[in-house]
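Peer 1: You'll find target_16.txt just under this line, and it carries compact mmCIF, C-alpha atoms.
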```
# COMPACT_ATOMS: atom_id res chain seq x y z
CA MET A 1 38.41 3.48 -18.57
CA ALA A 2 36.39 6.23 -20.09
CA GLY A 3 32.66 6.57 -19.94
CA THR A 4 30.22 7.33 -17.22
CA LEU A 5 28.18 5.46 -14.72
CA HIS A 6 24.45 5.33 -15.03
CA VAL A 7 23.17 5.81 -11.51
CA GLU A 8 19.70 5.22 -10.18
CA LEU A 9 19.00 6.16 -6.61
CA VAL A 10 15.59 4.83 -5.61
CA SER A 11 13.72 4.67 -2.36
CA ALA A 12 10.76 2.40 -1.79
CA ASP A 13 8.17 4.97 -2.75
CA ARG A 14 9.86 6.98 -5.47
CA LEU A 15 12.81 7.48 -7.78
CA LEU A 16 15.09 9.96 -6.06
CA TRP A 17 17.78 10.66 -8.58
CA SER A 18 18.93 9.15 -11.81
CA GLY A 19 21.53 10.24 -14.29
CA GLU A 20 25.09 9.93 -15.49
CA ALA A 21 27.91 10.21 -12.99
CA THR A 22 31.68 10.07 -13.05
CA SER A 23 32.12 8.64 -9.59
CA LEU A 24 30.17 7.52 -6.60
CA LEU A 25 31.00 7.08 -2.96
CA ALA A 26 28.96 5.01 -0.52
CA ARG A 27 29.39 3.28 2.79
CA THR A 28 28.94 -0.46 2.99
CA LEU A 29 28.94 -2.66 6.05
CA ASP A 30 32.67 -3.24 5.50
CA GLY A 31 33.61 0.39 4.94
CA ASP A 32 33.53 3.06 2.29
CA ILE A 33 33.38 1.98 -1.33
CA GLY A 34 34.16 4.16 -4.30
CA ILE A 35 32.78 3.31 -7.70
CA LEU A 36 34.34 4.54 -10.94
CA PRO A 37 33.34 3.62 -14.48
CA GLY A 38 34.50 0.11 -15.29
CA HIS A 39 34.08 -1.20 -11.77
CA ALA A 40 33.70 -4.94 -11.38
CA PRO A 41 30.15 -6.15 -10.78
CA VAL A 42 29.39 -6.06 -7.10
CA MET A 43 26.40 -6.36 -4.83
CA SER A 44 26.67 -4.98 -1.41
CA LEU A 45 24.66 -4.01 1.62
CA LEU A 46 24.96 -0.40 2.66
CA ALA A 47 25.26 0.83 6.20
CA ASP A 48 23.25 3.85 7.30
CA GLY A 49 25.08 6.75 5.84
CA VAL A 50 25.79 9.11 3.04
CA VAL A 51 25.99 8.49 -0.68
CA GLU A 52 27.90 10.99 -2.75
CA ILE A 53 27.49 11.19 -6.51
CA ASP A 54 29.76 13.33 -8.74
CA THR A 55 28.34 14.12 -12.13
CA GLU A 56 30.05 15.05 -15.37
CA ASP A 57 29.40 18.76 -15.00
CA LYS A 58 31.25 18.81 -11.68
CA GLU A 59 28.08 18.75 -9.65
CA THR A 60 27.87 16.82 -6.44
CA TRP A 61 24.71 15.22 -5.18
CA VAL A 62 24.56 13.95 -1.66
CA ALA A 63 21.87 11.78 -0.17
CA ALA A 64 21.31 10.27 3.25
CA VAL A 65 20.39 6.63 2.87
CA ASP A 66 18.94 4.28 5.45
CA ALA A 67 20.49 0.84 5.27
CA GLY A 68 20.15 0.17 1.62
CA PHE A 69 21.61 -1.95 -1.09
CA LEU A 70 24.05 -1.24 -3.86
CA SER A 71 24.49 -3.11 -7.08
CA VAL A 72 26.98 -2.39 -9.82
CA ALA A 73 27.07 -4.13 -13.17
CA MET A 74 28.33 -2.96 -16.53
CA ASP A 75 28.54 0.69 -15.47
CA ARG A 76 25.02 0.62 -14.14
CA VAL A 77 24.74 1.47 -10.50
CA SER A 78 21.55 1.12 -8.56
CA ILE A 79 21.13 2.14 -4.98
CA LEU A 80 18.02 0.90 -3.26
CA ALA A 81 16.96 2.17 0.10
CA GLU A 82 13.77 1.76 2.03
CA SER A 83 14.01 5.45 2.65
CA ALA A 84 16.45 8.05 1.40
CA VAL A 85 16.59 11.84 1.25
CA MET A 86 18.58 14.19 -0.94
CA SER A 87 20.65 16.66 1.03
CA HIS A 88 18.74 19.67 -0.28
CA ASP A 89 15.52 18.18 1.07
CA ILE A 90 16.85 17.79 4.57
CA ASP A 91 15.80 20.24 7.24
CA LEU A 92 19.10 20.66 9.06
CA GLU A 93 17.67 22.55 12.04
CA ARG A 94 15.02 19.96 12.61
CA ALA A 95 17.43 17.07 12.29
CA LYS A 96 19.75 18.69 14.82
CA ASN A 97 16.89 19.40 17.20
CA ASP A 98 15.59 15.87 16.94
CA LEU A 99 19.05 14.50 17.52
CA SER A 100 19.68 16.53 20.65
CA ARG A 101 16.23 15.66 21.95
CA ILE A 102 16.82 11.95 21.54
CA LYS A 103 20.24 12.17 23.07
CA SER A 104 19.01 14.15 26.07
CA ALA A 105 16.06 11.80 26.54
CA GLY A 106 18.64 9.17 27.37
CA VAL A 107 16.61 6.25 26.06
CA ASP A 108 19.10 3.60 25.18
CA ASP A 109 17.32 1.00 23.12
CA ASP A 110 17.81 -0.23 19.58
CA GLU A 111 15.17 2.06 18.20
CA ALA A 112 16.77 5.17 19.62
CA ALA A 113 20.19 4.10 18.41
CA GLU A 114 18.79 3.56 14.94
CA GLU A 115 17.15 6.96 14.95
CA VAL A 116 20.41 8.60 16.08
CA ARG A 117 22.33 6.89 13.28
CA ARG A 118 19.74 8.04 10.77
CA LEU A 119 19.77 11.64 11.92
CA GLU A 120 23.55 11.75 12.06
CA ALA A 121 23.68 10.52 8.48
CA ARG A 122 21.33 13.30 7.45
CA ILE A 123 23.33 15.99 9.19
CA ARG A 124 26.52 14.65 7.67
CA ALA A 125 24.91 14.68 4.24
CA VAL A 126 24.02 18.35 4.55
CA GLU A 127 27.47 19.23 5.80
CA MET A 128 29.13 17.38 2.95
CA ALA A 129 26.96 19.05 0.36
CA SER A 130 27.59 22.57 1.59
CA MET B 1 -53.89 15.27 1.61
CA ALA B 2 -52.11 18.32 2.89
CA THR B 3 -50.19 16.23 5.45
CA SER B 4 -48.91 13.79 2.87
CA LEU B 5 -47.78 16.69 0.73
CA ARG B 6 -45.68 17.93 3.63
CA GLU B 7 -44.30 14.42 4.13
CA TYR B 8 -43.27 14.19 0.52
CA ARG B 9 -41.54 17.58 0.70
CA ALA B 10 -39.59 16.43 3.79
CA LYS B 11 -38.56 13.23 1.99
CA ILE B 12 -37.37 15.19 -1.02
CA LYS B 13 -35.31 17.45 1.21
CA SER B 14 -33.60 14.63 3.08
CA THR B 15 -32.88 12.75 -0.14
CA GLN B 16 -31.38 15.89 -1.60
CA SER B 17 -29.00 16.32 1.33
CA MET B 18 -28.09 12.64 1.14
CA LYS B 19 -27.34 13.08 -2.53
CA LYS B 20 -24.99 15.93 -1.69
CA ILE B 21 -23.08 13.70 0.70
CA THR B 22 -22.77 10.78 -1.69
CA ARG B 23 -21.76 13.11 -4.51
CA ALA B 24 -19.02 14.59 -2.32
CA MET B 25 -17.76 11.12 -1.38
CA GLU B 26 -17.75 10.13 -5.03
CA LEU B 27 -15.62 13.13 -5.95
CA ILE B 28 -13.23 12.58 -3.04
CA ALA B 29 -12.74 8.94 -4.01
CA ALA B 30 -12.18 9.90 -7.63
CA SER B 31 -9.49 12.42 -6.79
CA ARG B 32 -7.75 10.04 -4.41
CA ILE B 33 -7.57 7.27 -6.97
CA VAL B 34 -5.37 9.50 -9.07
CA LYS B 35 -3.09 9.93 -6.08
CA ALA B 36 -3.05 6.20 -5.40
CA GLN B 37 -2.15 5.50 -9.00
CA GLN B 38 0.68 8.03 -8.88
CA GLN B 39 1.95 6.38 -5.72
CA ALA B 40 1.90 3.01 -7.45
CA ALA B 41 3.74 4.44 -10.45
CA ALA B 42 6.36 6.05 -8.19
CA ALA B 43 7.05 2.70 -6.56
CA THR B 44 7.85 0.88 -9.80
CA PRO B 45 11.52 1.92 -10.20
CA TYR B 46 12.28 0.41 -6.81
CA ALA B 47 10.40 -2.75 -7.71
CA ARG B 48 12.26 -3.03 -10.99
CA GLU B 49 15.70 -2.60 -9.46
CA LEU B 50 14.91 -4.83 -6.53
CA THR B 51 13.56 -7.61 -8.71
CA ARG B 52 16.59 -7.37 -10.95
CA ALA B 53 18.92 -7.65 -7.97
CA VAL B 54 17.05 -10.52 -6.36
CA SER B 55 16.78 -12.54 -9.53
CA ALA B 56 20.44 -11.91 -10.30
CA LEU B 57 21.30 -13.03 -6.82
CA ALA B 58 19.12 -16.11 -7.02
CA THR B 59 20.58 -17.02 -10.40
CA PHE B 60 24.25 -16.46 -9.72
CA GLY B 61 24.54 -16.64 -5.99
CA ALA B 62 22.96 -20.09 -5.92
CA VAL B 63 22.63 -19.96 -2.19
CA ASP B 64 19.84 -21.42 -0.15
CA HIS B 65 17.80 -19.19 2.02
CA LYS B 66 14.98 -20.07 4.31
CA LEU B 67 12.67 -17.56 2.68
CA LEU B 68 13.18 -19.37 -0.62
CA THR B 69 12.97 -22.96 0.56
CA GLU B 70 9.81 -24.91 0.40
CA ASN B 71 8.92 -26.91 3.47
CA PRO B 72 8.24 -30.47 2.24
CA GLU B 73 5.51 -30.92 4.86
CA PRO B 74 3.81 -27.60 5.42
CA LYS B 75 1.72 -27.75 8.58
CA ARG B 76 0.78 -24.17 9.25
CA ALA B 77 -0.10 -21.40 6.87
CA ALA B 78 -0.53 -17.70 7.53
CA VAL B 79 -3.18 -15.77 5.66
CA LEU B 80 -3.05 -12.00 5.41
CA VAL B 81 -6.38 -10.44 4.48
CA ILE B 82 -6.26 -6.90 3.15
CA ALA B 83 -9.64 -5.19 3.48
CA SER B 84 -10.81 -1.64 4.00
CA ASP B 85 -11.17 0.46 7.12
CA ARG B 86 -14.48 1.97 6.12
CA GLY B 87 -17.58 0.70 4.43
CA LEU B 88 -19.59 2.49 1.75
CA ALA B 89 -17.53 0.81 -0.91
CA GLY B 90 -20.01 -1.63 -2.34
CA SER B 91 -18.97 -5.24 -2.15
CA TYR B 92 -15.29 -4.43 -1.83
CA SER B 93 -14.69 -5.82 1.65
CA SER B 94 -17.12 -8.70 1.44
CA ALA B 95 -15.56 -9.89 -1.81
CA VAL B 96 -12.12 -10.04 -0.19
CA LEU B 97 -13.50 -11.78 2.88
CA LYS B 98 -15.35 -14.34 0.77
CA GLU B 99 -12.18 -15.06 -1.16
CA SER B 100 -10.26 -15.49 2.09
CA GLU B 101 -12.88 -17.90 3.44
CA ARG B 102 -12.45 -19.98 0.31
CA LEU B 103 -8.70 -19.98 0.81
CA VAL B 104 -8.96 -20.94 4.48
CA GLU B 105 -11.25 -23.81 3.59
CA LYS B 106 -8.84 -25.00 0.95
CA LEU B 107 -5.91 -24.84 3.37
CA HIS B 108 -7.88 -26.73 6.00
CA ALA B 109 -8.70 -29.37 3.42
CA GLU B 110 -4.99 -29.72 2.77
CA GLY B 111 -4.54 -30.41 6.46
CA LYS B 112 -2.88 -27.15 7.39
CA ASP B 113 -3.58 -24.99 10.38
CA VAL B 114 -4.32 -21.41 9.50
CA ASP B 115 -3.13 -18.28 11.27
CA MET B 116 -5.09 -15.18 10.37
CA TYR B 117 -3.50 -11.77 10.02
CA VAL B 118 -5.74 -8.94 8.90
CA THR B 119 -5.52 -5.29 7.94
CA GLY B 120 -8.50 -2.97 7.82
CA ARG B 121 -11.23 -2.44 10.39
CA LYS B 122 -13.84 -4.21 8.27
CA ALA B 123 -11.91 -7.47 8.25
CA GLU B 124 -11.09 -7.11 11.93
CA ALA B 125 -14.76 -6.66 12.79
CA TYR B 126 -15.74 -9.59 10.58
CA PHE B 127 -13.52 -12.02 12.45
CA ARG B 128 -14.26 -10.56 15.86
CA PHE B 129 -17.98 -10.91 15.28
CA ARG B 130 -17.52 -14.55 14.39
CA GLN B 131 -15.18 -15.00 17.35
CA ARG B 132 -12.43 -16.33 15.16
CA PRO B 133 -8.92 -15.82 16.45
CA VAL B 134 -6.76 -13.30 14.64
CA VAL B 135 -3.05 -13.33 15.38
CA GLN B 136 -2.51 -9.68 14.64
CA SER B 137 -4.38 -6.89 12.96
CA TRP B 138 -3.43 -3.47 11.63
CA THR B 139 -5.83 -0.66 10.87
CA GLY B 140 -5.86 2.94 9.83
CA PHE B 141 -4.07 2.97 6.48
CA SER B 142 -6.26 1.01 4.09
CA ASP B 143 -6.81 3.87 1.64
CA HIS B 144 -3.44 5.57 1.96
CA PRO B 145 -0.78 2.94 2.69
CA SER B 146 2.78 4.08 3.19
CA TYR B 147 5.90 2.01 2.83
CA ALA B 148 6.39 2.14 6.60
CA ASP B 149 3.03 0.40 7.08
CA ALA B 150 4.00 -2.35 4.67
CA ARG B 151 7.33 -2.74 6.41
CA GLU B 152 5.67 -3.09 9.79
CA VAL B 153 3.36 -5.84 8.53
CA GLY B 154 6.15 -7.46 6.54
CA ASP B 155 8.50 -7.63 9.50
CA VAL B 156 5.94 -9.43 11.63
CA LEU B 157 5.06 -11.94 8.91
CA THR B 158 8.65 -12.58 7.88
CA SER B 159 9.68 -13.22 11.44
CA ALA B 160 6.76 -15.64 11.91
CA PHE B 161 8.00 -17.48 8.86
CA LEU B 162 11.60 -17.48 10.06
CA ILE B 163 10.97 -18.94 13.52
CA ASP B 164 13.36 -21.81 13.90
CA PRO B 165 11.61 -24.79 15.49
CA GLU B 166 14.96 -26.28 16.48
CA ASP B 167 15.96 -23.23 18.46
CA PRO B 168 15.16 -23.92 22.12
CA GLU B 169 14.73 -20.24 22.97
CA THR B 170 12.63 -18.80 20.20
CA GLY B 171 11.54 -22.05 18.61
CA ASP B 172 7.86 -22.57 19.14
CA PRO B 173 6.34 -25.16 16.83
CA GLU B 174 2.96 -23.66 17.60
CA ARG B 175 3.93 -20.42 15.95
CA GLU B 176 6.11 -21.46 13.08
CA VAL B 177 4.52 -20.68 9.76
CA ASP B 178 5.42 -22.65 6.65
CA GLU B 179 3.75 -20.52 4.05
CA LEU B 180 2.18 -17.12 3.71
CA HIS B 181 -0.76 -16.25 1.52
CA VAL B 182 -2.04 -12.76 0.88
CA VAL B 183 -5.63 -12.01 -0.11
CA PHE B 184 -5.96 -8.61 -1.70
CA THR B 185 -7.89 -6.90 -4.47
CA ARG B 186 -6.19 -6.30 -7.75
CA PHE B 187 -7.00 -3.04 -9.45
CA ARG B 188 -7.76 -3.85 -13.07
CA SER B 189 -9.62 -0.73 -14.08
CA MET B 190 -11.90 1.89 -12.61
CA ILE B 191 -14.83 -0.44 -13.01
CA SER B 192 -13.25 -3.82 -12.39
CA GLN B 193 -11.42 -4.96 -9.28
CA THR B 194 -10.98 -8.61 -8.50
CA PRO B 195 -9.98 -10.29 -5.25
CA GLU B 196 -6.87 -12.34 -5.65
CA VAL B 197 -4.69 -14.72 -3.64
CA ILE B 198 -0.95 -14.83 -3.96
CA ARG B 199 1.50 -16.99 -2.09
CA LEU B 200 4.17 -14.66 -0.86
CA LEU B 201 6.34 -17.07 1.09
CA PRO B 202 8.29 -19.15 0.35
CA LEU B 203 9.34 -16.69 -2.29
CA GLU B 204 9.24 -17.49 -5.93
CA VAL B 205 11.22 -15.02 -7.93
CA VAL B 206 9.19 -15.23 -11.08
CA GLU B 207 10.06 -12.04 -12.87
CA GLY B 208 13.48 -13.35 -13.82
CA GLU B 209 16.11 -11.22 -15.43
CA GLU B 210 15.96 -11.29 -19.17
CA PRO B 211 18.29 -13.82 -20.68
CA PRO B 212 21.48 -12.19 -21.94
CA ALA B 213 21.53 -11.12 -25.55
CA GLU B 214 23.79 -12.89 -28.06
CA GLY B 215 27.42 -12.42 -27.20
CA GLU B 216 26.68 -10.69 -23.94
CA VAL B 217 27.93 -12.24 -20.78
CA TYR B 218 26.19 -12.12 -17.47
CA PRO B 219 28.12 -10.16 -14.91
CA LEU B 220 29.77 -12.23 -12.27
CA TYR B 221 28.96 -10.39 -9.11
CA GLU B 222 31.14 -10.01 -6.11
CA PHE B 223 29.22 -9.96 -2.89
CA GLU B 224 30.01 -7.81 0.02
CA PRO B 225 30.11 -8.90 2.84
CA SER B 226 29.01 -12.31 1.47
CA ALA B 227 26.37 -13.74 -0.79
CA SER B 228 24.29 -15.13 2.04
CA GLU B 229 24.43 -11.91 4.01
CA VAL B 230 23.38 -9.88 0.99
CA LEU B 231 20.53 -12.29 0.47
CA ASP B 232 19.61 -11.99 4.14
CA GLY B 233 19.40 -8.25 3.80
CA LEU B 234 17.66 -8.20 0.47
CA LEU B 235 14.94 -10.83 0.69
CA PRO B 236 12.98 -9.28 3.58
CA LYS B 237 13.03 -6.02 1.61
CA TYR B 238 11.66 -7.89 -1.36
CA VAL B 239 8.87 -9.34 0.78
CA ASN B 240 8.07 -5.90 2.19
CA HIS B 241 7.94 -4.45 -1.25
CA ARG B 242 5.63 -7.12 -2.58
CA LEU B 243 3.37 -6.37 0.37
CA TYR B 244 3.57 -2.66 -0.34
CA PHE B 245 2.51 -3.42 -3.89
CA CYS B 246 -0.48 -5.41 -2.60
CA PHE B 247 -1.46 -2.57 -0.27
CA LEU B 248 -1.29 -0.04 -3.08
CA GLN B 249 -3.41 -2.22 -5.33
CA ALA B 250 -5.91 -2.75 -2.54
CA ALA B 251 -6.07 0.99 -1.81
CA ALA B 252 -6.70 1.85 -5.46
CA SER B 253 -9.37 -0.86 -5.65
CA GLU B 254 -11.04 0.35 -2.48
CA LEU B 255 -11.23 3.91 -3.76
CA ALA B 256 -12.52 2.78 -7.15
CA ALA B 257 -15.14 0.59 -5.49
CA ARG B 258 -16.18 3.45 -3.25
CA GLN B 259 -16.42 5.83 -6.16
CA GLN B 260 -18.61 3.37 -8.06
CA ALA B 261 -20.83 2.72 -5.02
CA MET B 262 -21.23 6.42 -4.34
CA LYS B 263 -22.01 7.13 -7.97
CA ASN B 264 -24.79 4.54 -7.84
CA ALA B 265 -26.07 6.04 -4.61
CA THR B 266 -26.14 9.50 -6.15
CA ASP B 267 -28.01 8.18 -9.20
CA ASN B 268 -30.52 6.41 -6.97
CA ALA B 269 -31.03 9.56 -4.94
CA GLU B 270 -31.77 11.44 -8.15
CA ASP B 271 -34.34 8.82 -9.16
CA LEU B 272 -35.96 9.00 -5.74
CA ILE B 273 -36.13 12.78 -5.83
CA GLN B 274 -37.83 12.62 -9.20
CA LYS B 275 -40.33 10.04 -7.98
CA TYR B 276 -41.12 11.98 -4.85
CA THR B 277 -41.49 15.24 -6.75
CA ARG B 278 -44.03 13.60 -9.04
CA THR B 279 -46.08 12.17 -6.20
CA ALA B 280 -45.84 15.45 -4.33
CA ASN B 281 -47.18 17.30 -7.38
CA GLN B 282 -49.93 14.76 -7.71
CA ALA B 283 -50.88 15.22 -4.06
CA ARG B 284 -50.80 18.98 -4.45
CA GLN B 285 -53.05 18.79 -7.54
CA ALA B 286 -55.41 16.42 -5.75
CA GLY B 287 -55.62 18.88 -2.87
CA ILE B 288 -56.46 21.74 -5.20
CA THR B 289 -59.07 19.69 -7.04
CA GLN B 290 -60.66 18.76 -3.77
CA GLU B 291 -60.72 22.34 -2.57
CA ILE B 292 -62.34 23.50 -5.81
CA SER B 293 -64.99 20.81 -5.70
CA GLU B 294 -65.65 21.68 -2.05
CA ILE B 295 -66.07 25.36 -2.91
CA VAL B 296 -68.25 24.57 -5.92
CA GLY B 297 -70.28 22.11 -3.88
CA GLY B 298 -70.65 24.68 -1.08
CA ALA B 299 -71.68 27.44 -3.51
CA ASN B 300 -74.24 25.13 -5.17
CA ALA B 301 -75.67 24.13 -1.81
CA LEU B 302 -75.89 27.79 -0.85
CA ALA B 303 -77.57 28.67 -4.17
CA ASP B 304 -80.04 25.78 -3.72
CA ALA B 305 -80.79 26.94 -0.20
CA THR B 306 -81.45 30.57 -1.21
CA ALA B 307 -83.53 29.39 -4.21
CA GLY B 308 -85.59 27.15 -1.91
CA SER B 309 -86.32 29.96 0.60
CA GLU B 310 -87.63 32.32 -2.05
```
What's the structure tokens form of this structure?
Peer 2:
Amino acid sequence: MAGTLHVELVSADRLLWSGEATSLLARTLDGDIGILPGHAPVMSLLADGVVEIDTEDKETWVAAVDAGFLSVAMDRVSILAESAVMSHDIDLERAKNDLSRIKSAGVDDDEAAEEVRRLEARIRAVEMAS
Amino acid sequence: MATSLREYRAKIKSTQSMKKITRAMELIAASRIVKAQQQAAAATPYARELTRAVSALATFGAVDHKLLTENPEPKRAAVLVIASDRGLAGSYSSAVLKESERLVEKLHAEGKDVDMYVTGRKAEAYFRFRQRPVVQSWTGFSDHPSYADAREVGDVLTSAFLIDPEDPETGDPEREVDELHVVFTRFRSMISQTPEVIRLLPLEVVEGEEPPAEGEVYPLYEFEPSASEVLDGLLPKYVNHRLYFCFLQAAASELAARQQAMKNATDNAEDLIQKYTRTANQARQAGITQEISEIVGGANALADATAGSE
């Protein structure tokens, strides 16, 4: 089916990205999901991870998203996340440093695990974008 | 007379430096309101999308969720009071506190126990001074709330609401909350802010999705992993966002109230300076007049004395 997807990527405190896209890739709790124009309406919870948006002019936008929410209806896609960062806003060095610090600290509670997942998503986002 | 002139000059000086301070605070508050309003505007796309999703879910999912269900016999209510960390904002904090007292009284009259949760040092101090128990308080972000702050507060309140009294491990009938009210100040304009009470839980999704246009069919959503799990994930976010909205409104109101209060203080300082300058001038003139009459009197006496001796 022809046409494009209208995508809105919003975090709790601002609109991160919005525009027309040809395809979108995200990770839900059940696994990766790809959205093309004409996709059936779906609502889904996202796992911590990376969202990849391909636009019409062959551009690729990548964002790291903390456990968010995806809804698709009538070629409108909205991705809501309590916090999200575009790959070009991520400080790769800092993310890597933070990650190694947390890992070497050896704290093994839920909070640390969450932080590790978040940082890994960010690093992955940068790597995918480059 | 000379002493009082010096006193007046000292008063003028101290009022002038006070005026500088209040003027600076007025300008700071004014510039931060703009920031607060931008923050509120930036949060609207999320609110719009979230509301759309929740109302779609509530309409089509038709699933029950504890956050949506009304307890037929509510016994315990939680009240969250959003006040400021600092004073110098006119009646901002006391208006919120008064409104919350009214609400507490009303809830007591309905036979409910009330758990207090507060944000802002002013509210904290108010309840501590009156030795009224507060379940939890948060401070330090009243004029620049971030989403993380709202999430922290929201998580505590949501979990208090979700305590299952049947559960032998976590179930504690003493702590289970049946409804949650929030007292905050709505920002209407730069000169008008009104304290307001909303009932946050159980949730009422009021801003429903617009009814479909003629010939248009509502999408039939698939849910992944399942409708109830999506609802589980989404509703707490909705609560947190409503709270965030309240915090932003309260912050804008606080800054506007502070700006207004500081503007009044600056105006008053100007009036005082004018008054003191006038009395100081009067005192100075009186001093001069007295000196002249003393000199004239002295000269006359001297002239009389020399005339008498001749």
Peer 1: Residues of chain A within 12 Å of chain B: nearest atom pair and distance (Å, one decimal) for each, counting only C-alpha atoms, sorted by chain and number, as CSV?
Peer 2:
```
residue,atom,partner,partner_atom,distance
A:Val7,CA,B:Glu49,CA,11.4
A:Glu8,CA,B:Glu49,CA,8.8
A:Leu9,CA,B:Tyr46,CA,8.8
A:Val10,CA,B:Tyr46,CA,5.7
A:Ser11,CA,B:Tyr46,CA,6.3
A:Ala12,CA,B:Tyr46,CA,5.6
A:Asp13,CA,B:Ala43,CA,4.6
A:Arg14,CA,B:Ala42,CA,4.5
A:Leu15,CA,B:Pro45,CA,6.2
A:Leu16,CA,B:Pro45,CA,9.7
A:Trp17,CA,B:Pro45,CA,10.9
A:Ser18,CA,B:Pro45,CA,10.5
A:Arg27,CA,B:Glu224,CA,11.4
A:Thr28,CA,B:Glu224,CA,8.0
A:Leu29,CA,B:Pro225,CA,7.1
A:Asp30,CA,B:Pro225,CA,6.8
A:Gly31,CA,B:Pro225,CA,10.1
A:Asp32,CA,B:Glu224,CA,11.6
A:Ile33,CA,B:Glu224,CA,10.4
A:His39,CA,B:Tyr221,CA,10.9
A:Ala40,CA,B:Tyr221,CA,7.6
A:Pro41,CA,B:Tyr221,CA,4.7
A:Val42,CA,B:Glu222,CA,4.4
A:Met43,CA,B:Phe223,CA,5.0
A:Ser44,CA,B:Glu224,CA,4.6
A:Leu45,CA,B:Val230,CA,6.0
A:Leu46,CA,B:Glu224,CA,9.3
A:Ala47,CA,B:Gly233,CA,11.1
A:Ala67,CA,B:Gly233,CA,9.3
A:Gly68,CA,B:Gly233,CA,8.7
A:Phe69,CA,B:Leu234,CA,7.6
A:Leu70,CA,B:Ala53,CA,9.2
A:Ser71,CA,B:Ala53,CA,7.2
A:Val72,CA,B:Tyr221,CA,8.3
A:Ala73,CA,B:Pro219,CA,6.4
A:Met74,CA,B:Pro219,CA,7.4
A:Asp75,CA,B:Pro219,CA,10.9
A:Arg76,CA,B:Glu49,CA,10.9
A:Val77,CA,B:Glu49,CA,10.0
A:Ser78,CA,B:Glu49,CA,7.0
A:Ile79,CA,B:Glu49,CA,8.5
A:Leu80,CA,B:Tyr46,CA,6.8
A:Ala81,CA,B:Tyr46,CA,8.5
A:Glu82,CA,B:Lys237,CA,7.8
A:Ser83,CA,B:Tyr147,CA,8.8
A:Ala84,CA,B:Tyr46,CA,12.0
```
Peer 1: Leaving out Ala121 (chain A) and any residue of its chain fewer than 2 positions from it, which residues lie within 8 Å of it when counting all atoms listed in the file, given as a PyMOL selection string?
Peer 2: chain A and resi 48-50+64-65+117-119+123-125
Peer 1: Applying 8 Å and all atoms listed in the file, which residues near Arg121 (chain B) remain after dropping the ones on its own chain fewer than 2 positions away? List them as a VMD selection string.
Peer 2: chain B and resid 83 to 86 119 123 to 125 138 to 140
Peer 1: Any idea what the distance is between CA of Thr194 (chain B) and CA of Leu243 (chain B)?
Peer 2: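 Separation of CA of Thr194 (chain B) and CA of Leu243 (chain B): 17.0 Å.
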Peer 1: Quick one: pull the distance between CA of Leu107 (chain B) and CA of Asp155 (chain B), Å, one decimal.
Peer 2: 23.3 Å
Peer 1: For a test of reading the model, state the distance in Å between CA of Ser100 (chain A) and CA of Val126 (chain A), rounded to one decimal.
Peer 2: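 So the answer is 16.8 Å.
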Peer 1: Please provide as a list in words all residues within 7 Å of Tyr276 (chain B), with the sequence filter that same-chain residues fewer than 4 positions apart are discarded (counting only C-alpha atoms).
Peer 2: Tyr8, Ile12, Leu272 and Ala280 of chain B
Peer 1: Compile the contact shell of region 179-193 of chain B as a VMD selection string: residues with an atom at most 9 Å away, counting all atoms listed in the file, same-chain residues fewer than 2 positions apart removed.
Peer 2: chain B and resid 33 70 to 71 74 to 83 92 95 to 97 99 to 100 103 157 to 158 161 177 195 to 202 243 246 to 247 249 to 254 256 to 257 259 to 260
Peer 1: Would you mind listing what lies within 6 Å of Thr22 (chain B) as a list in words, with only C-alpha atoms counted and same-chain residues fewer than 2 positions away left out?
Peer 2: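 The contact residues come out as Lys19, Lys20, Ala24, Met25, Met262 and Thr266 of chain B.
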